[in-house]
Amino acid sequence: MPKNNEIEWQVILNPHAGGGKGAEDRTKIEQLLRKSGITYTLNLSEYPRHAIELSRELVTRGATHLMVAGGDGTLNEIVNGIFLAEQQSHHEVTLGMIPVGTGNDWTRTFGIPDHYQKAIDIIIAGKSVKQDVGEITCHVDGQKSKRYFVNIAGFGFDALVAKNANELKSRGVKGLRVYIQSLGSGYFNFKSRPTKFIIDGASLEVKLFTASIGLGKFNGGGMMQVPEANPLQGLFHITVIRKIGIWGILINFKGLYSGRFITDRRVSTHTGKTIEISSATPLPGESDGENLGSGTFKIEMMAHRLRVIYGSDRFLGNITKTTHGE
């Protein structure tokens with residue numbers, strides 16, 4: 001990696017991240033970047049999916065260092081832009097992140113704190129790994145599309161909760177209330193349904209409540225829904241929760257934050273590199289908290305495809321010793 005004073009960063013800042021925190025803290029973030037000696041150009045993401053357009057254009061024009069100033073949704077958009085770039089030069093891109101969002105779940109796995117200066121210091125230190133990326137082929141309303149994710153994709157109840165959370169955030173609701181209110185509303189508006197999974201060719205049929213396909217461990221503001229996941233392994237970890245009542249949710253709620261809920265008899269875990277999901281009734285999906293719509297989905301592993309800067313390797317393990325780059 002070039003020395004920091006030789007790098008020109010393209011910063012993509014989402015003013016709407018964190019319920020408007022991005023706009024409120026823009027000046028502070030820029031001051032810290034300048035004080036830290038970082039050469040950068042600021043790009044503002046002004047509307048939904050704008051960060052996809054920005055990152056796609058920047059990478060197509062040859063940008064090699066992108067810095068996200070936003071939350072998980074902003075990160076997801078930028079990753080999609082990188083992989084949709086006309087030059088397909090994502091192998092040359094390095095991604096750094098300053099957490100500004102509400103959940104900041106991707107940064108939990110990669111050891112990046114919710115503190116602007118500390119996050120910038122990590123970017124300056126420049127430790128990097130090539131993480132796995134998930135590619136989703138979606139068939140929704142007769143249309144085929146592709147989306148990419150770097151943390152967790154959810155299907156069923158989880159997707160409905162993510163959709164509700166995004167709607168609440170757009171109305172200015174912040175903090176833990178977003179997730180508690182989304183969970184409550186989602187439960188009373190989602191019915192478990194017969195669903196078929198094909199995981200590396202093996203069939204699994206369940207009455208599905210929710211499924212999480214993880215590269216990272218965390219979503220929903222710190223819930224450890226895929227506790228064994230590691231984004232450097234080249235393997236998806238899958239948590240499938242069958243039909244479960246309100247009492248089952250309540251007694252497992254604390255376990256969602258520790259990962260212990262997977263010991264419940266209605267929960268099963270799996271691993272694989274290719275997963276197909278279908279249901280007689282179109283199933284809602286989300287990736288990194290972004291709505292995919294309702295339909296059928298195929299998720300495929302793209303191992304070690306995106307270089308990202310990390311802080312602590314607490315949740316990454318010794319594998320960083322063989323995958324990190326200079």
# chains A, B, ... in the order shown; residues from 1 in each chain; ligands from 1
>>> residues_around(residues="range 74-76 of chain A", least_positions_apart="5", cutoff="8 Å", atoms="only C-alpha atoms", output="PDB file with all heavy atoms, in the first residue's frame")
ATOM      1  N   ASN A  14     -22.597  10.260   3.754  1.00  0.00           N
ATOM      2  CA  ASN A  14     -24.054  10.251   3.693  1.00  0.00           C
ATOM      3  C   ASN A  14     -24.604  11.196   4.765  1.00  0.00           C
ATOM      4  O   ASN A  14     -24.559  10.879   5.953  1.00  0.00           O
ATOM      5  CB  ASN A  14     -24.588   8.837   3.922  1.00  0.00           C
ATOM      6  CG  ASN A  14     -26.101   8.762   3.825  1.00  0.00           C
ATOM      7  OD1 ASN A  14     -26.779   9.774   3.603  1.00  0.00           O
ATOM      8  ND2 ASN A  14     -26.646   7.572   3.977  1.00  0.00           N
ATOM      9  N   ALA A  17     -27.143   9.604   7.220  1.00  0.00           N
ATOM     10  CA  ALA A  17     -26.748   8.491   8.096  1.00  0.00           C
ATOM     11  C   ALA A  17     -26.946   8.871   9.556  1.00  0.00           C
ATOM     12  O   ALA A  17     -26.757  10.024   9.953  1.00  0.00           O
ATOM     13  CB  ALA A  17     -25.296   8.106   7.841  1.00  0.00           C
ATOM     14  N   ALA A  51     -25.130   6.658  -3.461  1.00  0.00           N
ATOM     15  CA  ALA A  51     -23.765   6.189  -3.194  1.00  0.00           C
ATOM     16  C   ALA A  51     -23.357   5.085  -4.165  1.00  0.00           C
ATOM     17  O   ALA A  51     -22.166   4.914  -4.449  1.00  0.00           O
ATOM     18  CB  ALA A  51     -23.638   5.704  -1.754  1.00  0.00           C
ATOM     19  N   VAL A  68     -15.781   5.428   3.450  1.00  0.00           N
ATOM     20  CA  VAL A  68     -17.205   5.532   3.740  1.00  0.00           C
ATOM     21  C   VAL A  68     -17.383   6.344   5.021  1.00  0.00           C
ATOM     22  O   VAL A  68     -16.830   5.992   6.058  1.00  0.00           O
ATOM     23  CB  VAL A  68     -17.836   4.139   3.943  1.00  0.00           C
ATOM     24  CG1 VAL A  68     -19.346   4.252   4.109  1.00  0.00           C
ATOM     25  CG2 VAL A  68     -17.479   3.198   2.806  1.00  0.00           C
ATOM     26  N   ALA A  69     -18.175   7.406   4.956  1.00  0.00           N
ATOM     27  CA  ALA A  69     -18.577   8.130   6.158  1.00  0.00           C
ATOM     28  C   ALA A  69     -20.097   7.994   6.227  1.00  0.00           C
ATOM     29  O   ALA A  69     -20.842   8.789   5.652  1.00  0.00           O
ATOM     30  CB  ALA A  69     -18.153   9.591   6.101  1.00  0.00           C
ATOM     31  N   TYR A 148     -24.949  -7.117  -4.074  1.00  0.00           N
ATOM     32  CA  TYR A 148     -23.781  -7.613  -3.364  1.00  0.00           C
ATOM     33  C   TYR A 148     -23.864  -7.195  -1.898  1.00  0.00           C
ATOM     34  O   TYR A 148     -24.441  -6.162  -1.570  1.00  0.00           O
ATOM     35  CB  TYR A 148     -22.502  -7.053  -3.998  1.00  0.00           C
ATOM     36  CG  TYR A 148     -22.369  -7.424  -5.456  1.00  0.00           C
ATOM     37  CD1 TYR A 148     -22.916  -6.611  -6.449  1.00  0.00           C
ATOM     38  CD2 TYR A 148     -21.727  -8.595  -5.837  1.00  0.00           C
ATOM     39  CE1 TYR A 148     -22.819  -6.958  -7.796  1.00  0.00           C
ATOM     40  CE2 TYR A 148     -21.622  -8.948  -7.180  1.00  0.00           C
ATOM     41  CZ  TYR A 148     -22.175  -8.130  -8.149  1.00  0.00           C
ATOM     42  OH  TYR A 148     -22.080  -8.477  -9.474  1.00  0.00           O
ATOM     43  N   PHE A 149     -23.295  -8.020  -1.007  1.00  0.00           N
ATOM     44  CA  PHE A 149     -23.300  -7.668   0.410  1.00  0.00           C
ATOM     45  C   PHE A 149     -22.000  -8.100   1.061  1.00  0.00           C
ATOM     46  O   PHE A 149     -21.301  -9.006   0.588  1.00  0.00           O
ATOM     47  CB  PHE A 149     -24.511  -8.267   1.134  1.00  0.00           C
ATOM     48  CG  PHE A 149     -24.500  -9.770   1.299  1.00  0.00           C
ATOM     49  CD1 PHE A 149     -24.129 -10.354   2.514  1.00  0.00           C
ATOM     50  CD2 PHE A 149     -24.888 -10.609   0.266  1.00  0.00           C
ATOM     51  CE1 PHE A 149     -24.132 -11.728   2.689  1.00  0.00           C
ATOM     52  CE2 PHE A 149     -24.909 -11.997   0.436  1.00  0.00           C
ATOM     53  CZ  PHE A 149     -24.527 -12.554   1.643  1.00  0.00           C
ATOM     54  N   VAL A 150     -21.680  -7.434   2.180  1.00  0.00           N
ATOM     55  CA  VAL A 150     -20.422  -7.717   2.873  1.00  0.00           C
ATOM     56  C   VAL A 150     -20.630  -8.085   4.334  1.00  0.00           C
ATOM     57  O   VAL A 150     -19.666  -8.361   5.048  1.00  0.00           O
ATOM     58  CB  VAL A 150     -19.458  -6.507   2.792  1.00  0.00           C
ATOM     59  CG1 VAL A 150     -18.934  -6.335   1.376  1.00  0.00           C
ATOM     60  CG2 VAL A 150     -20.131  -5.227   3.287  1.00  0.00           C
ATOM     61  N   SER A 287     -30.275  -7.270   2.262  1.00  0.00           N
ATOM     62  CA  SER A 287     -28.833  -7.498   2.358  1.00  0.00           C
ATOM     63  C   SER A 287     -28.193  -6.280   3.001  1.00  0.00           C
ATOM     64  O   SER A 287     -28.407  -5.147   2.561  1.00  0.00           O
ATOM     65  CB  SER A 287     -28.229  -7.744   0.966  1.00  0.00           C
ATOM     66  OG  SER A 287     -28.468  -6.660   0.090  1.00  0.00           O
ATOM     67  N   ASP A 288     -27.459  -6.516   4.085  1.00  0.00           N
ATOM     68  CA  ASP A 288     -26.855  -5.434   4.871  1.00  0.00           C
ATOM     69  C   ASP A 288     -27.896  -4.399   5.275  1.00  0.00           C
ATOM     70  O   ASP A 288     -27.620  -3.197   5.356  1.00  0.00           O
ATOM     71  CB  ASP A 288     -25.733  -4.744   4.084  1.00  0.00           C
ATOM     72  CG  ASP A 288     -24.560  -5.674   3.802  1.00  0.00           C
ATOM     73  OD1 ASP A 288     -24.449  -6.720   4.481  1.00  0.00           O
ATOM     74  OD2 ASP A 288     -23.751  -5.367   2.901  1.00  0.00           O
ATOM     75  N   GLU A 290     -30.547  -3.505   3.580  1.00  0.00           N
ATOM     76  CA  GLU A 290     -31.193  -2.855   2.436  1.00  0.00           C
ATOM     77  C   GLU A 290     -32.206  -3.795   1.788  1.00  0.00           C
ATOM     78  O   GLU A 290     -31.906  -4.959   1.525  1.00  0.00           O
ATOM     79  CB  GLU A 290     -30.139  -2.413   1.419  1.00  0.00           C
ATOM     80  CG  GLU A 290     -29.142  -1.401   1.977  1.00  0.00           C
ATOM     81  CD  GLU A 290     -29.825  -0.141   2.468  1.00  0.00           C
ATOM     82  OE1 GLU A 290     -30.406   0.584   1.636  1.00  0.00           O
ATOM     83  OE2 GLU A 290     -29.780   0.116   3.694  1.00  0.00           O
TER      84      GLU A 290
END
>>> atom_distance(atom1="CA of Glu228 in chain A", atom2="CA of Asp121 in chain A")
28.5 Å
>>> residues_around(residues="Ser192 in chain A", least_positions_apart="5", cutoff="10 Å", atoms="only C-alpha atoms", output="mmCIF file with N, CA, C and O atoms, in the first residue's frame")
data_model
loop_
_atom_site.group_PDB
_atom_site.id
_atom_site.type_symbol
_atom_site.label_atom_id
_atom_site.label_comp_id
_atom_site.auth_asym_id
_atom_site.auth_seq_id
_atom_site.Cartn_x
_atom_site.Cartn_y
_atom_site.Cartn_z
ATOM 1 N N GLY A 156 -37.188 -13.540 5.170
ATOM 2 C CA GLY A 156 -38.321 -13.798 6.051
ATOM 3 C C GLY A 156 -38.510 -12.655 7.025
ATOM 4 O O GLY A 156 -38.441 -11.478 6.663
ATOM 5 N N PHE A 157 -38.706 -12.993 8.289
ATOM 6 C CA PHE A 157 -38.970 -11.992 9.319
ATOM 7 C C PHE A 157 -37.867 -10.942 9.393
ATOM 8 O O PHE A 157 -38.139 -9.747 9.525
ATOM 9 N N TYR A 187 -43.261 -8.720 13.846
ATOM 10 C CA TYR A 187 -43.802 -9.980 14.346
ATOM 11 C C TYR A 187 -45.293 -10.108 14.029
ATOM 12 O O TYR A 187 -45.764 -11.186 13.662
ATOM 13 N N VAL A 206 -38.280 -26.225 5.377
ATOM 14 C CA VAL A 206 -38.716 -25.849 6.722
ATOM 15 C C VAL A 206 -39.899 -24.898 6.628
ATOM 16 O O VAL A 206 -40.163 -24.300 5.577
ATOM 17 N N LYS A 207 -40.625 -24.763 7.738
ATOM 18 C CA LYS A 207 -41.593 -23.683 7.858
ATOM 19 C C LYS A 207 -40.822 -22.518 8.452
ATOM 20 O O LYS A 207 -40.580 -22.457 9.656
ATOM 21 N N LEU A 208 -40.434 -21.591 7.607
ATOM 22 C CA LEU A 208 -39.440 -20.588 7.964
ATOM 23 C C LEU A 208 -40.021 -19.383 8.690
ATOM 24 O O LEU A 208 -41.007 -18.791 8.257
ATOM 25 N N PHE A 209 -39.350 -19.027 9.797
ATOM 26 C CA PHE A 209 -39.599 -17.739 10.429
ATOM 27 C C PHE A 209 -38.595 -16.730 9.892
ATOM 28 O O PHE A 209 -38.968 -15.694 9.350
ATOM 29 N N THR A 210 -37.322 -17.048 10.007
ATOM 30 C CA THR A 210 -36.309 -16.160 9.452
ATOM 31 C C THR A 210 -35.017 -16.922 9.192
ATOM 32 O O THR A 210 -34.742 -17.940 9.829
ATOM 33 N N ILE A 241 -34.158 -20.170 11.473
ATOM 34 C CA ILE A 241 -35.087 -20.259 12.596
ATOM 35 C C ILE A 241 -36.451 -20.668 12.063
ATOM 36 O O ILE A 241 -37.040 -19.965 11.229
ATOM 37 N N ARG A 242 -36.931 -21.818 12.547
ATOM 38 C CA ARG A 242 -38.238 -22.301 12.123
ATOM 39 C C ARG A 242 -39.341 -21.543 12.870
ATOM 40 O O ARG A 242 -39.054 -20.697 13.707
ATOM 41 N N LYS A 243 -40.566 -21.860 12.564
ATOM 42 C CA LYS A 243 -41.714 -21.188 13.181
ATOM 43 C C LYS A 243 -41.535 -21.131 14.697
ATOM 44 O O LYS A 243 -41.259 -22.132 15.338
ATOM 45 N N ILE A 244 -41.723 -19.948 15.244
ATOM 46 C CA ILE A 244 -41.491 -19.735 16.674
ATOM 47 C C ILE A 244 -42.515 -18.728 17.192
ATOM 48 O O ILE A 244 -42.834 -17.752 16.522
ATOM 49 N N LEU A 283 -40.867 -14.523 -0.799
ATOM 50 C CA LEU A 283 -40.223 -14.315 0.487
ATOM 51 C C LEU A 283 -39.488 -12.972 0.482
ATOM 52 O O LEU A 283 -38.749 -12.669 -0.452
#
>>> atom_distance(atom1="CA of Gly216 in chain A", atom2="CA of Gly18 in chain A")
20.6 Å
>>> closest_atom_pairs(of="range 91-146 of chain A", to="range 20-44 of chain A", cutoff="12 Å", atoms="only C-alpha atoms", output="Markdown table")
| residue | atom | partner | partner_atom | distance |
| --- | --- | --- | --- | --- |
| A:Met97 | CA | A:Ile29 | CA | 11.9 |
| A:Ile98 | CA | A:Ile29 | CA | 8.8 |
| A:Pro99 | CA | A:Gly22 | CA | 9.6 |
| A:Val100 | CA | A:Gly22 | CA | 6.2 |
| A:Gly101 | CA | A:Lys21 | CA | 7.7 |
| A:Thr102 | CA | A:Lys21 | CA | 9.2 |
| A:His115 | CA | A:Ile29 | CA | 10.5 |
| A:Tyr116 | CA | A:Ile29 | CA | 6.9 |
| A:Gln117 | CA | A:Leu32 | CA | 6.6 |
| A:Lys118 | CA | A:Leu32 | CA | 10.3 |
| A:Ala119 | CA | A:Leu32 | CA | 10.5 |
| A:Ile120 | CA | A:Leu33 | CA | 7.3 |
| A:Asp121 | CA | A:Ser36 | CA | 8.0 |
| A:Ile122 | CA | A:Ser36 | CA | 11.4 |
| A:Ile123 | CA | A:Ile38 | CA | 9.7 |
| A:Ile124 | CA | A:Ile38 | CA | 8.1 |
| A:Ala125 | CA | A:Ser36 | CA | 11.5 |
>>> select_by_dssp(residues="range 86-266 of chain A", states="alpha helix (DSSP H)", output="PyMOL selection string")
chain A and resi 105-109+116-125+157-170+176-187+246-258
>>> write_last_selection(atoms="C-alpha atoms", output="compact mmCIF listing (two decimals), in the first residue's frame")
# COMPACT_ATOMS: atom_id res chain seq x y z
CA ASP A 105 -22.69 -3.77 12.52
CA TRP A 106 -20.03 -4.36 9.86
CA THR A 107 -17.54 -2.32 11.87
CA ARG A 108 -18.11 -4.49 14.97
CA THR A 109 -16.65 -7.51 13.18
CA TYR A 116 -14.27 9.46 14.45
CA GLN A 117 -10.62 10.10 15.32
CA LYS A 118 -9.97 6.47 16.29
CA ALA A 119 -11.55 5.28 13.03
CA ILE A 120 -9.40 7.73 11.07
CA ASP A 121 -6.30 6.54 12.93
CA ILE A 122 -7.13 2.98 11.86
CA ILE A 123 -7.42 4.12 8.24
CA ILE A 124 -4.03 5.83 8.52
CA ALA A 125 -2.48 2.67 10.02
CA PHE A 157 -38.97 -11.99 9.32
CA ASP A 158 -35.49 -10.46 9.40
CA ALA A 159 -36.10 -8.78 6.03
CA LEU A 160 -39.42 -7.35 7.16
CA VAL A 161 -37.76 -5.95 10.30
CA ALA A 162 -35.05 -4.32 8.15
CA LYS A 163 -37.69 -2.75 5.92
CA ASN A 164 -39.57 -1.42 8.95
CA ALA A 165 -36.33 -0.08 10.43
CA ASN A 166 -35.48 1.81 7.26
CA GLU A 167 -38.93 3.38 7.21
CA LEU A 168 -38.57 4.46 10.85
CA LYS A 169 -35.12 5.93 10.20
CA SER A 170 -36.50 7.91 7.27
CA LEU A 176 -32.48 1.24 20.05
CA ARG A 177 -36.09 2.30 19.59
CA VAL A 178 -35.70 1.66 15.85
CA TYR A 179 -34.96 -2.03 16.38
CA ILE A 180 -37.42 -2.65 19.22
CA GLN A 181 -40.27 -1.02 17.30
CA SER A 182 -39.31 -2.80 14.08
CA LEU A 183 -39.24 -6.18 15.82
CA GLY A 184 -42.68 -5.66 17.37
CA SER A 185 -44.30 -4.44 14.17
CA GLY A 186 -42.66 -7.16 12.09
CA TYR A 187 -43.80 -9.98 14.35
CA ILE A 246 -43.82 -14.82 20.80
CA TRP A 247 -42.73 -16.64 23.96
CA GLY A 248 -39.90 -18.30 22.04
CA ILE A 249 -38.72 -14.90 20.83
CA LEU A 250 -38.85 -13.38 24.30
CA ILE A 251 -36.90 -16.16 26.03
CA ASN A 252 -34.25 -16.03 23.28
CA PHE A 253 -34.01 -12.24 23.06
CA LYS A 254 -30.97 -11.95 25.32
CA GLY A 255 -29.38 -14.86 23.46
CA LEU A 256 -29.59 -12.88 20.21
CA TYR A 257 -26.86 -10.60 21.56
CA SER A 258 -24.60 -13.42 22.77
>>> atom_distance(atom1="CA of Asp132 in chain A", atom2="CA of Ser45 in chain A")
25.0 Å
>>> closest_residue(among="A:Gly19, A:Gly234, A:Gly134, A:Pro282", to="Glu300 in chain A", atoms="only C-alpha atoms")
A:Gly134
